[in-house]
file coords09.cif (mmCIF, C-alpha atoms)
data_start
loop_
_atom_site.label_atom_id
_atom_site.label_comp_id
_atom_site.auth_asym_id
_atom_site.auth_seq_id
_atom_site.Cartn_x
_atom_site.Cartn_y
_atom_site.Cartn_z
CA MET A 1 58.04 91.95 190.72
CA GLY A 2 54.33 91.11 190.53
CA LYS A 3 53.32 87.53 189.73
CA ILE A 4 51.58 88.43 186.45
CA LEU A 5 54.47 90.61 185.27
CA GLU A 6 56.93 87.84 186.18
CA ALA A 7 54.90 85.25 184.24
CA PHE A 8 54.73 87.64 181.28
CA ALA A 9 58.50 88.24 181.42
CA ASN A 10 59.18 84.48 181.53
CA ASN A 11 56.78 83.79 178.65
CA ILE A 12 54.58 81.54 180.78
CA LEU A 13 51.51 83.75 180.86
CA ASN A 14 48.81 81.48 179.47
CA THR A 15 45.81 83.17 177.92
CA VAL A 16 44.37 79.97 176.46
CA GLU A 17 41.55 78.32 178.34
CA THR A 18 42.98 75.13 179.83
CA ILE A 19 39.92 73.85 181.67
CA GLU A 20 37.34 72.15 179.49
CA ASN A 21 34.36 73.65 181.33
CA HIS A 22 32.46 75.53 178.67
CA ASN A 23 29.31 77.49 179.19
CA PRO A 24 26.20 75.72 177.87
CA GLN A 25 25.92 77.92 174.77
CA ARG A 26 29.53 77.29 173.77
CA GLN A 27 29.19 73.58 174.50
CA LYS A 28 26.17 73.37 172.16
CA LEU A 29 28.17 75.12 169.42
CA LEU A 30 31.07 72.71 169.88
CA GLU A 31 28.75 69.72 169.67
CA LYS A 32 27.04 71.10 166.56
CA ASN A 33 30.44 71.75 165.00
CA MET A 34 31.56 68.16 165.56
CA LYS A 35 28.27 66.72 164.32
CA LEU A 36 28.41 68.70 161.07
CA TYR A 37 32.11 67.94 160.61
CA ASN A 38 31.50 64.20 160.99
CA GLU A 39 28.51 64.32 158.63
CA LEU A 40 30.60 66.07 156.01
CA LEU A 41 33.51 63.63 156.40
CA GLN A 42 31.19 60.72 155.67
CA LYS A 43 30.19 62.29 152.34
CA LEU A 44 33.69 63.12 151.11
CA ASN A 45 36.22 60.96 149.30
CA ASP A 46 39.87 60.93 150.40
CA GLU A 47 40.94 63.75 148.07
CA GLU A 48 38.05 65.97 149.24
CA LYS A 49 38.87 65.18 152.89
CA ASN A 50 42.44 66.29 152.24
CA VAL A 51 41.25 69.60 150.77
CA LEU A 52 38.87 70.08 153.72
CA GLU A 53 41.68 69.51 156.24
CA LYS A 54 43.89 72.03 154.44
CA LEU A 55 41.04 74.55 154.43
CA LEU A 56 40.40 74.03 158.14
CA ASP A 57 44.12 74.49 158.87
CA VAL A 58 44.15 77.83 157.01
CA ILE A 59 40.96 78.95 158.79
CA SER A 60 42.50 77.99 162.13
CA ASP A 61 45.74 79.86 161.35
CA GLU A 62 43.75 82.93 160.32
CA SER A 63 41.64 82.74 163.47
CA CYS A 64 44.77 82.50 165.65
CA TYR A 65 46.28 85.49 163.87
CA ASP A 66 43.08 87.50 164.39
CA ALA A 67 42.89 86.50 168.06
CA GLN A 68 46.51 87.53 168.61
CA HIS A 69 46.00 90.83 166.79
CA ASN A 70 42.83 91.57 168.79
CA PHE A 71 44.56 90.71 172.07
CA VAL A 72 47.49 93.03 171.32
CA ARG A 73 45.19 95.83 170.18
CA GLY A 74 42.96 95.44 173.23
CA TYR A 75 45.95 95.40 175.55
CA CYS A 76 47.31 98.59 173.95
CA LEU A 77 43.92 100.30 174.22
CA GLY A 78 43.66 99.24 177.86
CA THR A 79 47.08 100.71 178.53
CA ILE A 80 46.10 103.98 176.86
CA MET A 81 42.93 104.09 178.99
CA THR A 82 44.98 103.44 182.14
CA THR A 83 47.42 106.21 181.19
CA GLU A 84 44.52 108.59 180.62
CA ILE A 85 43.02 107.73 184.01
CA PHE A 86 46.32 108.27 185.82
CA SER A 87 46.83 111.60 184.07
CA GLU A 88 43.42 112.78 185.37
CA LYS A 89 43.57 111.18 188.82
CA GLU A 90 43.78 114.55 190.57
CA SER A 91 40.23 115.33 189.48
CA PHE A 92 39.05 112.35 191.58
CA SER A 93 40.96 113.26 194.73
CA ILE A 94 38.93 113.84 197.85
CA LYS A 95 39.82 117.12 199.53
#
call {"tool": "encode", "arguments": {"input": "coords09.cif", "output": "structure tokens"}}
result
Amino acid sequence: MGKILEAFANNILNTVETIENHNPQRQKLLEKNMKLYNELLQKLNDEEKNVLEKLLDVISDESCYDAQHNFVRGYCLGTIMTTEIFSEKESFSIK
């Protein structure tokens, strides 16, 4: 069995970025995010901070759901494209 298929079968296929090397554009966005988050925290009382944390948790859950849905849909579309290519492979044969 191939290494990727084996990892997939054993539920150890990791699609999450584990190395913290971000491209410069993403790094700037992360830094801006943290700066704005910290500024907002300073202006909120404890009750408002609690509501903000709950909101961010829901946004994160929704984002994870969307990412999972998009991954599955993209994988399925890629499989359909592969199937289509294999069904037409004779047209690319060199005679």
call {"tool": "atom_distance", "arguments": {"input": "coords09.cif", "atom1": "atom CA of Val51 of chain A", "atom2": "atom CA of Tyr37 of chain A"}}
result
13.5 Å
call {"tool": "atom_distance", "arguments": {"input": "coords09.cif", "atom1": "atom CA of Lys49 of chain A", "atom2": "atom CA of Leu36 of chain A"}}
result
13.7 Å
call {"tool": "atom_distance", "arguments": {"input": "coords09.cif", "atom1": "atom CA of Ala67 of chain A", "atom2": "atom CA of Asn14 of chain A"}}
result
13.8 Å
call {"tool": "decode", "arguments": {"input": "coords09.cif", "residues": "segment 4-49 of chain A", "atoms": "N, CA and C atoms", "output": "compact mmCIF listing (two decimals), in the first residue's frame"}}
result
# COMPACT_ATOMS: atom_id res chain seq x y z
N ILE A 4 0.87 7.40 1.42
CA ILE A 4 -0.22 8.34 1.66
C ILE A 4 -1.51 7.59 1.95
N LEU A 5 -1.80 6.55 1.18
CA LEU A 5 -3.01 5.76 1.40
C LEU A 5 -2.98 5.09 2.77
N GLU A 6 -1.81 4.61 3.17
CA GLU A 6 -1.67 3.99 4.48
C GLU A 6 -1.91 5.01 5.60
N ALA A 7 -1.35 6.19 5.46
CA ALA A 7 -1.57 7.24 6.46
C ALA A 7 -3.04 7.63 6.52
N PHE A 8 -3.68 7.71 5.37
CA PHE A 8 -5.11 8.02 5.31
C PHE A 8 -5.92 6.93 6.01
N ALA A 9 -5.59 5.68 5.73
CA ALA A 9 -6.31 4.55 6.33
C ALA A 9 -6.13 4.50 7.84
N ASN A 10 -4.97 4.92 8.33
CA ASN A 10 -4.69 4.91 9.77
C ASN A 10 -5.03 6.22 10.46
N ASN A 11 -5.70 7.10 9.74
CA ASN A 11 -6.15 8.39 10.28
C ASN A 11 -4.99 9.22 10.84
N ILE A 12 -3.85 9.17 10.16
CA ILE A 12 -2.71 9.98 10.59
C ILE A 12 -2.27 10.94 9.49
N LEU A 13 -3.10 11.08 8.48
CA LEU A 13 -2.80 12.02 7.41
C LEU A 13 -3.09 13.42 7.93
N ASN A 14 -2.06 14.22 8.06
CA ASN A 14 -2.20 15.55 8.65
C ASN A 14 -2.23 16.59 7.55
N THR A 15 -3.33 17.31 7.47
CA THR A 15 -3.44 18.36 6.46
C THR A 15 -3.26 19.74 7.06
N VAL A 16 -3.01 19.80 8.36
CA VAL A 16 -2.82 21.07 9.05
C VAL A 16 -1.34 21.43 9.01
N GLU A 17 -1.07 22.68 8.72
CA GLU A 17 0.30 23.15 8.67
C GLU A 17 0.91 23.05 10.06
N THR A 18 2.01 22.31 10.19
CA THR A 18 2.62 22.12 11.50
C THR A 18 3.87 22.98 11.68
N ILE A 19 4.42 23.47 10.64
CA ILE A 19 5.60 24.32 10.73
C ILE A 19 5.14 25.76 10.74
N GLU A 20 5.70 26.56 11.61
CA GLU A 20 5.25 27.93 11.79
C GLU A 20 5.89 28.90 10.80
N ASN A 21 6.39 28.44 9.69
CA ASN A 21 6.95 29.33 8.68
C ASN A 21 5.83 29.80 7.77
N HIS A 22 5.43 31.05 7.95
CA HIS A 22 4.37 31.61 7.14
C HIS A 22 4.98 32.53 6.10
N ASN A 23 4.31 32.64 4.98
CA ASN A 23 4.79 33.59 3.99
C ASN A 23 4.62 35.00 4.56
N PRO A 24 5.36 35.97 4.04
CA PRO A 24 5.34 37.32 4.62
C PRO A 24 3.94 37.94 4.66
N GLN A 25 3.14 37.73 3.64
CA GLN A 25 1.79 38.30 3.62
C GLN A 25 0.94 37.72 4.75
N ARG A 26 1.01 36.40 4.92
CA ARG A 26 0.23 35.77 5.99
C ARG A 26 0.75 36.20 7.35
N GLN A 27 2.06 36.31 7.50
CA GLN A 27 2.64 36.73 8.77
C GLN A 27 2.16 38.13 9.15
N LYS A 28 2.09 39.04 8.18
CA LYS A 28 1.58 40.39 8.44
C LYS A 28 0.13 40.36 8.90
N LEU A 29 -0.67 39.50 8.27
CA LEU A 29 -2.08 39.37 8.66
C LEU A 29 -2.20 38.83 10.09
N LEU A 30 -1.37 37.85 10.42
CA LEU A 30 -1.40 37.30 11.78
C LEU A 30 -1.02 38.35 12.81
N GLU A 31 -0.01 39.13 12.50
CA GLU A 31 0.42 40.19 13.42
C GLU A 31 -0.64 41.26 13.57
N LYS A 32 -1.28 41.64 12.48
CA LYS A 32 -2.36 42.63 12.52
C LYS A 32 -3.53 42.10 13.34
N ASN A 33 -3.85 40.83 13.14
CA ASN A 33 -4.92 40.18 13.89
C ASN A 33 -4.64 40.27 15.39
N MET A 34 -3.45 39.90 15.82
CA MET A 34 -3.12 39.92 17.24
C MET A 34 -3.11 41.34 17.80
N LYS A 35 -2.64 42.29 17.03
CA LYS A 35 -2.60 43.67 17.48
C LYS A 35 -4.02 44.19 17.73
N LEU A 36 -4.91 43.95 16.76
CA LEU A 36 -6.29 44.41 16.90
C LEU A 36 -7.01 43.68 18.04
N TYR A 37 -6.75 42.40 18.17
CA TYR A 37 -7.35 41.61 19.24
C TYR A 37 -6.94 42.17 20.60
N ASN A 38 -5.66 42.44 20.77
CA ASN A 38 -5.16 42.96 22.04
C ASN A 38 -5.70 44.37 22.32
N GLU A 39 -5.80 45.19 21.28
CA GLU A 39 -6.39 46.53 21.45
C GLU A 39 -7.84 46.43 21.92
N LEU A 40 -8.58 45.54 21.30
CA LEU A 40 -9.98 45.37 21.67
C LEU A 40 -10.11 44.84 23.10
N LEU A 41 -9.28 43.88 23.48
CA LEU A 41 -9.34 43.33 24.84
C LEU A 41 -9.14 44.41 25.89
N GLN A 42 -8.28 45.35 25.62
CA GLN A 42 -8.00 46.42 26.58
C GLN A 42 -9.22 47.32 26.79
N LYS A 43 -10.09 47.39 25.82
CA LYS A 43 -11.25 48.29 25.89
C LYS A 43 -12.50 47.61 26.45
N LEU A 44 -12.45 46.30 26.62
CA LEU A 44 -13.64 45.57 27.04
C LEU A 44 -13.60 45.24 28.53
N ASN A 45 -14.81 45.20 29.14
CA ASN A 45 -14.88 44.71 30.51
C ASN A 45 -14.95 43.19 30.49
N ASP A 46 -14.99 42.56 31.64
CA ASP A 46 -14.95 41.10 31.71
C ASP A 46 -16.13 40.44 30.99
N GLU A 47 -17.32 40.99 31.16
CA GLU A 47 -18.50 40.42 30.51
C GLU A 47 -18.38 40.51 28.98
N GLU A 48 -17.90 41.65 28.49
CA GLU A 48 -17.73 41.84 27.05
C GLU A 48 -16.62 40.92 26.51
N LYS A 49 -15.57 40.72 27.29
CA LYS A 49 -14.51 39.78 26.89
C LYS A 49 -15.05 38.37 26.76
